[in-house]
>>> print(open('my_file_21.cif').read())   # mmCIF, C-alpha atoms and all ligand atoms
data_protein
#
loop_
_atom_site.label_atom_id
_atom_site.label_comp_id
_atom_site.auth_asym_id
_atom_site.auth_seq_id
_atom_site.Cartn_x
_atom_site.Cartn_y
_atom_site.Cartn_z
CA MET A 1 21.89 -33.14 -28.39
CA LYS A 2 21.16 -31.94 -31.90
CA TYR A 3 18.43 -33.22 -34.16
CA GLN A 4 18.45 -32.94 -37.90
CA ILE A 5 15.28 -31.69 -39.56
CA GLU A 6 14.75 -31.51 -43.28
CA PRO A 7 11.98 -29.59 -45.08
CA ILE A 8 9.33 -31.81 -46.68
CA GLY A 9 8.05 -29.08 -49.00
CA ILE A 10 7.94 -25.42 -49.92
CA ILE A 11 5.11 -22.86 -49.74
CA HIS A 12 4.21 -20.91 -52.89
CA SER A 13 2.40 -17.89 -51.53
CA PRO A 14 1.14 -14.53 -52.83
CA TYR A 15 3.05 -12.84 -49.97
CA LYS A 16 6.42 -11.91 -51.48
CA GLU A 17 7.69 -9.97 -48.45
CA LYS A 18 7.03 -10.02 -44.70
CA PHE A 19 5.35 -6.60 -44.62
CA GLY A 20 1.60 -6.99 -44.93
CA ILE A 21 1.32 -10.68 -44.05
CA PRO A 22 -1.43 -11.23 -41.47
CA ARG A 23 -0.02 -12.11 -38.06
CA GLN A 24 -2.00 -15.32 -37.80
CA PRO A 25 -3.63 -17.76 -40.22
CA GLY A 26 -7.34 -17.81 -41.01
CA LEU A 27 -7.73 -14.02 -40.89
CA ILE A 28 -7.77 -13.66 -44.67
CA LYS A 29 -9.63 -16.59 -46.19
CA GLU A 30 -8.78 -15.45 -49.74
CA ALA A 31 -5.02 -15.87 -49.09
CA ARG A 32 -4.42 -18.98 -51.17
CA ALA A 33 -1.16 -20.88 -51.46
CA GLN A 34 0.25 -24.17 -52.60
CA LEU A 35 2.43 -26.47 -50.58
CA VAL A 36 4.57 -28.37 -53.08
CA LEU A 37 6.04 -31.49 -51.50
CA SER A 38 9.70 -32.22 -52.20
CA PRO A 39 11.24 -35.60 -53.05
CA PRO A 40 11.27 -38.11 -51.38
CA TYR A 41 8.22 -36.83 -49.44
CA ASN A 42 6.12 -36.28 -52.57
CA ARG A 43 4.93 -39.86 -52.72
CA PRO A 44 1.14 -39.88 -53.12
CA GLU A 45 0.86 -42.58 -50.40
CA ALA A 46 2.13 -40.04 -47.85
CA VAL A 47 -1.12 -38.04 -48.10
CA VAL A 48 -3.63 -40.88 -48.40
CA GLY A 49 -6.54 -40.03 -46.07
CA LEU A 50 -5.62 -36.34 -45.77
CA GLU A 51 -8.48 -35.25 -48.07
CA GLY A 52 -10.88 -36.24 -45.26
CA TYR A 53 -9.72 -33.23 -43.24
CA SER A 54 -10.84 -29.65 -43.91
CA HIS A 55 -7.89 -28.12 -42.02
CA ILE A 56 -4.29 -29.05 -41.37
CA TRP A 57 -1.46 -27.92 -39.11
CA ILE A 58 1.63 -26.76 -40.93
CA GLN A 59 4.95 -26.66 -39.11
CA PHE A 60 7.50 -24.52 -40.88
CA ILE A 61 10.79 -22.66 -40.61
CA PHE A 62 10.73 -18.87 -40.24
CA HIS A 63 13.48 -18.85 -42.83
CA GLN A 64 13.60 -15.05 -43.02
CA ALA A 65 13.83 -14.57 -39.27
CA ILE A 66 16.98 -16.55 -38.50
CA ARG A 67 19.24 -14.90 -35.93
CA SER A 68 22.43 -16.20 -34.39
CA GLU A 69 21.32 -15.16 -30.86
CA TRP A 70 17.95 -15.49 -29.21
CA GLN A 71 16.28 -13.08 -26.76
CA PRO A 72 14.11 -14.28 -23.84
CA MET A 73 11.67 -11.41 -24.30
CA VAL A 74 9.99 -10.04 -27.41
CA ARG A 75 7.72 -7.09 -28.21
CA PRO A 76 4.55 -8.39 -29.88
CA PRO A 77 2.94 -6.03 -32.42
CA ARG A 78 -0.34 -6.82 -30.70
CA LEU A 79 0.83 -4.88 -27.63
CA GLY A 80 1.80 -1.86 -29.68
CA GLY A 81 5.38 -2.98 -30.19
CA ASN A 82 6.66 -1.45 -26.93
CA LYS A 83 5.62 -3.93 -24.21
CA ARG A 84 7.66 -7.07 -23.65
CA VAL A 85 6.52 -10.63 -22.99
CA GLY A 86 8.46 -13.89 -22.77
CA VAL A 87 9.31 -15.39 -26.13
CA PHE A 88 7.43 -18.55 -25.13
CA ALA A 89 4.33 -16.44 -24.34
CA SER A 90 4.40 -15.14 -27.91
CA ARG A 91 4.11 -16.40 -31.46
CA SER A 92 7.01 -14.26 -32.61
CA PRO A 93 9.13 -15.53 -35.53
CA PHE A 94 12.22 -14.73 -33.43
CA ARG A 95 12.65 -17.74 -31.14
CA PRO A 96 15.40 -20.14 -30.07
CA ASN A 97 14.31 -22.55 -32.81
CA PRO A 98 12.74 -20.59 -35.67
CA ILE A 99 9.76 -22.93 -36.02
CA GLY A 100 6.21 -21.74 -36.73
CA LEU A 101 2.86 -23.43 -36.49
CA SER A 102 -0.24 -22.46 -38.48
CA VAL A 103 -3.61 -24.08 -38.92
CA VAL A 104 -4.83 -23.58 -42.50
CA LYS A 105 -7.69 -24.72 -44.69
CA LEU A 106 -6.96 -27.64 -46.99
CA GLU A 107 -8.69 -26.79 -50.27
CA GLY A 108 -7.48 -29.89 -52.09
CA VAL A 109 -4.76 -32.40 -52.82
CA ARG A 110 -3.55 -33.00 -56.37
CA CYS A 111 -0.81 -34.66 -58.39
CA GLU A 112 0.18 -32.55 -61.38
CA ASN A 113 3.13 -32.92 -63.75
CA GLY A 114 4.79 -35.29 -61.32
CA GLU A 115 4.34 -32.91 -58.38
CA LEU A 116 2.28 -33.51 -55.25
CA ILE A 117 0.52 -30.27 -54.30
CA LEU A 118 -1.69 -29.29 -51.37
CA ASP A 119 -3.91 -26.29 -52.10
CA LEU A 120 -4.30 -24.15 -48.98
CA SER A 121 -6.12 -21.01 -47.92
CA GLY A 122 -6.04 -18.64 -44.96
CA ILE A 123 -2.25 -18.74 -44.81
CA ASP A 124 0.11 -16.36 -42.97
CA LEU A 125 3.28 -17.55 -44.71
CA LEU A 126 5.88 -15.94 -46.88
CA ASP A 127 6.58 -17.26 -50.36
CA GLY A 128 9.36 -19.86 -50.20
CA THR A 129 8.69 -20.88 -46.58
CA PRO A 130 10.16 -24.36 -45.92
CA VAL A 131 7.62 -26.73 -44.36
CA ILE A 132 8.86 -29.42 -41.98
CA ASP A 133 5.63 -31.26 -41.17
CA ILE A 134 1.89 -31.55 -41.85
CA LYS A 135 -0.69 -32.90 -39.42
CA PRO A 136 -4.46 -33.10 -39.65
CA TYR A 137 -6.47 -30.67 -37.51
CA VAL A 138 -8.70 -32.73 -35.25
CA VAL A 139 -11.65 -30.81 -33.81
CA TYR A 140 -12.21 -32.77 -30.62
CA VAL A 141 -8.63 -32.22 -29.44
CA ASP A 142 -7.48 -29.06 -31.19
CA SER A 143 -10.54 -26.83 -30.65
CA ILE A 144 -10.90 -25.47 -27.12
CA PRO A 145 -13.59 -22.76 -27.34
CA ASP A 146 -13.36 -21.71 -23.65
CA ALA A 147 -9.54 -21.41 -23.62
CA CYS A 148 -7.91 -18.13 -22.41
CA SER A 149 -5.92 -16.28 -25.06
CA GLY A 150 -3.68 -14.04 -22.94
CA PHE A 151 -3.01 -10.67 -24.57
CA ALA A 152 -4.64 -11.68 -27.87
CA PRO A 153 -8.25 -12.52 -26.96
CA VAL A 154 -9.88 -11.49 -30.28
CA ALA A 155 -8.94 -10.98 -33.92
CA PRO A 156 -7.48 -7.58 -34.90
CA ALA A 157 -10.22 -4.96 -35.41
CA VAL A 158 -11.14 -3.48 -38.78
CA LYS A 159 -9.81 0.11 -38.78
CA TYR A 160 -10.38 1.39 -42.31
CA THR A 161 -12.74 1.09 -45.22
CA VAL A 162 -10.85 0.24 -48.38
CA ASP A 163 -11.55 1.90 -51.74
CA PHE A 164 -9.87 1.49 -55.11
CA SER A 165 -8.80 4.40 -57.32
CA GLU A 166 -10.11 4.33 -60.87
CA ARG A 167 -6.67 3.22 -62.08
CA ALA A 168 -6.42 0.42 -59.49
CA ARG A 169 -9.93 -0.81 -60.29
CA LYS A 170 -9.10 -1.02 -64.01
CA GLN A 171 -5.95 -2.99 -63.19
CA LEU A 172 -7.91 -5.24 -60.86
CA LEU A 173 -10.61 -5.97 -63.45
CA ALA A 174 -7.96 -6.89 -66.02
CA ARG A 175 -6.82 -9.76 -63.78
CA GLN A 176 -8.14 -13.27 -63.38
CA ASP A 177 -10.32 -13.84 -60.33
CA SER A 178 -10.71 -10.09 -59.80
CA ALA A 179 -13.56 -10.48 -57.27
CA GLN A 180 -11.45 -12.81 -55.13
CA LEU A 181 -8.44 -10.48 -55.47
CA GLU A 182 -10.52 -7.45 -54.47
CA ALA A 183 -11.73 -9.25 -51.32
CA PHE A 184 -8.16 -10.37 -50.56
CA ILE A 185 -6.73 -6.84 -50.86
CA THR A 186 -9.61 -5.34 -48.86
CA HIS A 187 -9.16 -7.78 -45.98
CA LEU A 188 -5.40 -7.32 -46.09
CA LEU A 189 -5.58 -3.56 -45.72
CA GLU A 190 -8.65 -2.93 -43.56
CA THR A 191 -6.93 -3.90 -40.28
CA ASP A 192 -3.92 -1.67 -41.07
CA PRO A 193 -0.89 -3.78 -42.02
CA ARG A 194 1.61 -1.15 -40.82
CA PRO A 195 3.80 -2.07 -37.84
CA ALA A 196 2.07 -1.38 -34.52
CA TYR A 197 4.57 1.34 -33.56
CA SER A 198 3.89 3.35 -36.77
CA GLY A 199 1.46 5.70 -35.01
CA GLU A 200 -0.61 8.16 -36.97
CA PRO A 201 -0.36 7.76 -40.75
CA ASP A 202 1.71 10.29 -42.72
CA PRO A 203 -0.66 12.16 -45.03
CA GLY A 204 0.41 11.65 -48.63
CA ARG A 205 2.69 8.70 -47.89
CA VAL A 206 2.24 5.85 -50.34
CA TYR A 207 2.92 2.40 -48.92
CA GLY A 208 3.75 -0.70 -50.96
CA ILE A 209 3.23 -4.42 -50.38
CA LEU A 210 4.64 -7.02 -52.77
CA LEU A 211 1.81 -9.42 -53.61
CA TYR A 212 1.75 -12.00 -56.42
CA ASP A 213 3.59 -10.27 -59.29
CA PHE A 214 2.67 -6.68 -58.41
CA ASP A 215 3.43 -3.94 -55.92
CA LEU A 216 0.19 -2.99 -54.17
CA ARG A 217 0.43 0.79 -53.67
CA TRP A 218 -1.92 2.41 -51.16
CA GLU A 219 -2.35 5.42 -48.93
CA ILE A 220 -4.35 6.34 -45.86
CA LEU A 221 -6.78 9.24 -46.01
CA ALA A 222 -8.56 9.80 -42.67
CA ASP A 223 -10.65 6.67 -42.06
CA ARG A 224 -10.14 5.25 -45.55
CA ILE A 225 -7.41 3.35 -47.31
CA ILE A 226 -7.20 4.05 -51.02
CA VAL A 227 -5.57 1.51 -53.27
CA CYS A 228 -3.67 3.71 -55.73
CA GLU A 229 -2.43 1.05 -58.15
CA LEU A 230 -1.27 -2.49 -58.72
CA ALA A 231 2.13 -1.38 -59.96
CA GLU A 232 4.76 -3.34 -61.81
CA VAL A 233 7.49 -4.57 -59.51
CA GLU A 234 10.67 -2.58 -60.00
CA SER A 235 13.72 -4.79 -60.39
CA ASP A 236 16.84 -3.67 -58.52
N1 LIG A 301 0.99 -18.77 -37.13
C1 LIG A 301 2.42 -18.87 -36.99
C2 LIG A 301 2.82 -19.21 -35.58
O1 LIG A 301 2.08 -18.88 -34.66
O2 LIG A 301 3.89 -19.80 -35.41
C3 LIG A 301 3.11 -17.59 -37.46
C4 LIG A 301 2.88 -16.40 -36.58
S1 LIG A 301 4.01 -15.12 -36.94
C5 LIG A 301 3.50 -13.89 -35.80
C6 LIG A 301 3.35 -14.55 -38.48
C7 LIG A 301 4.29 -13.58 -39.14
O3 LIG A 301 5.50 -14.24 -39.45
C8 LIG A 301 3.77 -13.04 -40.46
O4 LIG A 301 2.98 -11.91 -40.25
C9 LIG A 301 5.05 -12.73 -41.23
O5 LIG A 301 5.45 -11.40 -41.01
C10 LIG A 301 6.08 -13.65 -40.59
N2 LIG A 301 6.49 -14.74 -41.48
C11 LIG A 301 5.70 -15.56 -42.22
N3 LIG A 301 6.45 -16.45 -42.88
C12 LIG A 301 7.75 -16.20 -42.54
C13 LIG A 301 9.00 -16.78 -42.89
N4 LIG A 301 9.08 -17.81 -43.72
N5 LIG A 301 10.13 -16.24 -42.36
C14 LIG A 301 10.06 -15.20 -41.52
N6 LIG A 301 8.91 -14.60 -41.15
C15 LIG A 301 7.77 -15.09 -41.65
#
>>> encode(input="my_file_21.cif", output="structure tokens")
Amino acid sequence: MKYQIEPIGIIHSPYKEKFGIPRQPGLIKEARAQLVLSPPYNRPEAVVGLEGYSHIWIQFIFHQAIRSEWQPMVRPPRLGGNKRVGVFASRSPFRPNPIGLSVVKLEGVRCENGELILDLSGIDLLDGTPVIDIKPYVVYVDSIPDACSGFAPVAPAVKYTVDFSERARKQLLARQDSAQLEAFITHLLETDPRPAYSGEPDPGRVYGILLYDFDLRWEILADRIIVCELAEVESD
């Protein structure tokens, strides 16, 4: 039997590509996004009462991880990218139905220019992600502090201190909300966003992550990550 599911809204996120996005929500509190509800689901009545919740569950489509075939085992980055576990023992985007689930902070609900918008933070979602449902996070059922967490018992460790080059700092200070952006970039980089199988960093290699409207360029020098610049995005 097939069921038809239609997105109820779209995520507008600073993460413009998959590389660099944290692997779970809540790890980077400064990662702010908007969920813009689509007609006919943008009726204000549909969110009456939601402002009473600090957090919500978002169910979404991994729209950039759609494959025609599914695999019963996956290699989670958390295990170094070379050990396999069952797809249903993982939170991999590559699953029989490409549906994701994230708990995020609800910063606010607003109607603006005819649009119904939920302001969110702590997201792990790509820009343009289609959302299929929203549910309130309810502490007495959804929080299980003594639960076992398999191969992911704690949050990823901080591996690097993050510094900004003089050029990057100037570019940062020229932006709105530069303190929030600095904290965002620092938290994004300090746990090492490179794929788990990358191994030792290449000295002199400059990595890029597309964030907001810029290309965040950075390199690894021993135990530090240096943000080189917030470069203009090159169009292809
Ligand atoms: N918290 C969700 C869950 O457990 O279902 C997502 C976990 S999944 C491991 C998170 C990763 O999915 C991110 O690091 C990013 O690389 C990827 N991702 C986020 N949004 C996506 C999208 N719309 N399409 C494909 N991949 C996406």
>>> residues_near_ligand(input="my_file_21.cif", ligand="ligand LIG 301 (chain A)", cutoff="8 Å", atoms="all atoms listed in the file", output="ChimeraX atom specification")
/A:17-25,59-66,91-93,99-103,124-130
>>> atom_distance(input="my_file_21.cif", atom1="CA of Ile56 in chain A", atom2="CA of Val131 in chain A")
12.5 Å
>>> atom_distance(input="my_file_21.cif", atom1="CA of Val47 in chain A", atom2="CA of Ile144 in chain A")
26.3 Å
>>> axis_aligned_box(input="my_file_21.cif", around="range 201-211 of chain A", padding_each_side="5 Å", output="lines of an AutoDock Vina configuration file")
center_x = 2.0
center_y = 1.4
center_z = -47.2
size_x = 15.3
size_y = 31.6
size_z = 22.9
>>> residues_near_point(input="my_file_21.cif", point="(2.1, -12.2, -30.3)", cutoff="9 Å", atoms="only C-alpha atoms", output="PyMOL selection string")
chain A and resi 23+74-79+85+87+89-92+151-152
>>> write_last_selection(input="my_file_21.cif", atoms="C-alpha atoms", output="PDB file, keeping the file's coordinate frame")
ATOM      1  CA  ARG A  23      -0.020 -12.110 -38.060  1.00  0.00           C
ATOM      2  CA  VAL A  74       9.990 -10.040 -27.410  1.00  0.00           C
ATOM      3  CA  ARG A  75       7.720  -7.090 -28.210  1.00  0.00           C
ATOM      4  CA  PRO A  76       4.550  -8.390 -29.880  1.00  0.00           C
ATOM      5  CA  PRO A  77       2.940  -6.030 -32.420  1.00  0.00           C
ATOM      6  CA  ARG A  78      -0.340  -6.820 -30.700  1.00  0.00           C
ATOM      7  CA  LEU A  79       0.830  -4.880 -27.630  1.00  0.00           C
ATOM      8  CA  VAL A  85       6.520 -10.630 -22.990  1.00  0.00           C
ATOM      9  CA  VAL A  87       9.310 -15.390 -26.130  1.00  0.00           C
ATOM     10  CA  ALA A  89       4.330 -16.440 -24.340  1.00  0.00           C
ATOM     11  CA  SER A  90       4.400 -15.140 -27.910  1.00  0.00           C
ATOM     12  CA  ARG A  91       4.110 -16.400 -31.460  1.00  0.00           C
ATOM     13  CA  SER A  92       7.010 -14.260 -32.610  1.00  0.00           C
ATOM     14  CA  PHE A 151      -3.010 -10.670 -24.570  1.00  0.00           C
ATOM     15  CA  ALA A 152      -4.640 -11.680 -27.870  1.00  0.00           C
TER      16      ALA A 152
END
>>> atom_distance(input="my_file_21.cif", atom1="CA of Ser149 in chain A", atom2="CA of Gly26 in chain A")
16.1 Å
>>> build_atoms(input="my_file_21.cif", residues="range 151-181 of chain A", atoms="N, CA and C atoms", output="short mmCIF file (atom, residue, chain, number, x, y, z; two decimals), keeping the file's coordinate frame")
data_model
loop_
_atom_site.label_atom_id
_atom_site.label_comp_id
_atom_site.auth_asym_id
_atom_site.auth_seq_id
_atom_site.Cartn_x
_atom_site.Cartn_y
_atom_site.Cartn_z
N PHE A 151 -2.88 -12.06 -24.09
CA PHE A 151 -3.01 -10.67 -24.57
C PHE A 151 -3.61 -10.58 -25.97
N ALA A 152 -4.05 -11.71 -26.53
CA ALA A 152 -4.64 -11.68 -27.87
C ALA A 152 -6.00 -12.38 -27.86
N PRO A 153 -6.98 -11.81 -27.12
CA PRO A 153 -8.25 -12.52 -26.96
C PRO A 153 -9.14 -12.55 -28.21
N VAL A 154 -9.01 -11.53 -29.07
CA VAL A 154 -9.88 -11.49 -30.28
C VAL A 154 -9.05 -11.10 -31.50
N ALA A 155 -9.62 -11.33 -32.67
CA ALA A 155 -8.94 -10.98 -33.92
C ALA A 155 -8.74 -9.47 -34.01
N PRO A 156 -7.70 -9.02 -34.75
CA PRO A 156 -7.48 -7.58 -34.90
C PRO A 156 -8.72 -6.89 -35.49
N ALA A 157 -9.01 -5.68 -34.99
CA ALA A 157 -10.22 -4.96 -35.41
C ALA A 157 -10.04 -4.34 -36.80
N VAL A 158 -11.14 -4.21 -37.51
CA VAL A 158 -11.14 -3.48 -38.78
C VAL A 158 -11.02 -2.00 -38.45
N LYS A 159 -10.03 -1.32 -39.09
CA LYS A 159 -9.81 0.11 -38.78
C LYS A 159 -10.19 1.05 -39.92
N TYR A 160 -10.17 0.53 -41.15
CA TYR A 160 -10.38 1.39 -42.31
C TYR A 160 -11.37 0.76 -43.29
N THR A 161 -12.06 1.63 -44.04
CA THR A 161 -12.74 1.09 -45.22
C THR A 161 -11.75 1.20 -46.38
N VAL A 162 -11.84 0.29 -47.30
CA VAL A 162 -10.85 0.24 -48.38
C VAL A 162 -11.54 0.56 -49.71
N ASP A 163 -11.02 1.54 -50.42
CA ASP A 163 -11.55 1.90 -51.74
C ASP A 163 -10.45 1.77 -52.78
N PHE A 164 -10.84 1.61 -54.03
CA PHE A 164 -9.87 1.49 -55.11
C PHE A 164 -9.95 2.74 -55.99
N SER A 165 -8.81 3.29 -56.36
CA SER A 165 -8.80 4.40 -57.32
C SER A 165 -9.29 3.85 -58.65
N GLU A 166 -9.63 4.77 -59.56
CA GLU A 166 -10.11 4.33 -60.87
C GLU A 166 -9.04 3.47 -61.58
N ARG A 167 -7.78 3.93 -61.44
CA ARG A 167 -6.67 3.22 -62.08
C ARG A 167 -6.52 1.80 -61.49
N ALA A 168 -6.58 1.73 -60.15
CA ALA A 168 -6.42 0.42 -59.49
C ALA A 168 -7.56 -0.51 -59.86
N ARG A 169 -8.78 0.05 -59.96
CA ARG A 169 -9.93 -0.81 -60.29
C ARG A 169 -9.79 -1.38 -61.70
N LYS A 170 -9.31 -0.55 -62.62
CA LYS A 170 -9.10 -1.02 -64.01
C LYS A 170 -8.08 -2.16 -64.01
N GLN A 171 -7.00 -1.96 -63.24
CA GLN A 171 -5.95 -2.99 -63.19
C GLN A 171 -6.48 -4.28 -62.55
N LEU A 172 -7.32 -4.09 -61.54
CA LEU A 172 -7.91 -5.24 -60.86
C LEU A 172 -8.79 -6.04 -61.82
N LEU A 173 -9.64 -5.30 -62.57
CA LEU A 173 -10.61 -5.97 -63.45
C LEU A 173 -9.92 -6.68 -64.61
N ALA A 174 -8.69 -6.25 -64.91
CA ALA A 174 -7.96 -6.89 -66.02
C ALA A 174 -7.35 -8.22 -65.59
N ARG A 175 -7.44 -8.53 -64.29
CA ARG A 175 -6.82 -9.76 -63.78
C ARG A 175 -7.84 -10.89 -63.66
N GLN A 176 -7.28 -12.10 -63.62
CA GLN A 176 -8.14 -13.27 -63.38
C GLN A 176 -8.64 -13.21 -61.95
N ASP A 177 -9.81 -13.75 -61.70
CA ASP A 177 -10.32 -13.84 -60.33
C ASP A 177 -10.34 -12.48 -59.64
N SER A 178 -10.82 -11.44 -60.37
CA SER A 178 -10.71 -10.09 -59.80
C SER A 178 -11.58 -9.92 -58.54
N ALA A 179 -12.71 -10.63 -58.46
CA ALA A 179 -13.56 -10.48 -57.27
C ALA A 179 -12.83 -11.05 -56.04
N GLN A 180 -12.19 -12.19 -56.24
CA GLN A 180 -11.45 -12.81 -55.13
C GLN A 180 -10.27 -11.92 -54.73
N LEU A 181 -9.60 -11.34 -55.74
CA LEU A 181 -8.44 -10.48 -55.47
C LEU A 181 -8.87 -9.20 -54.74
#
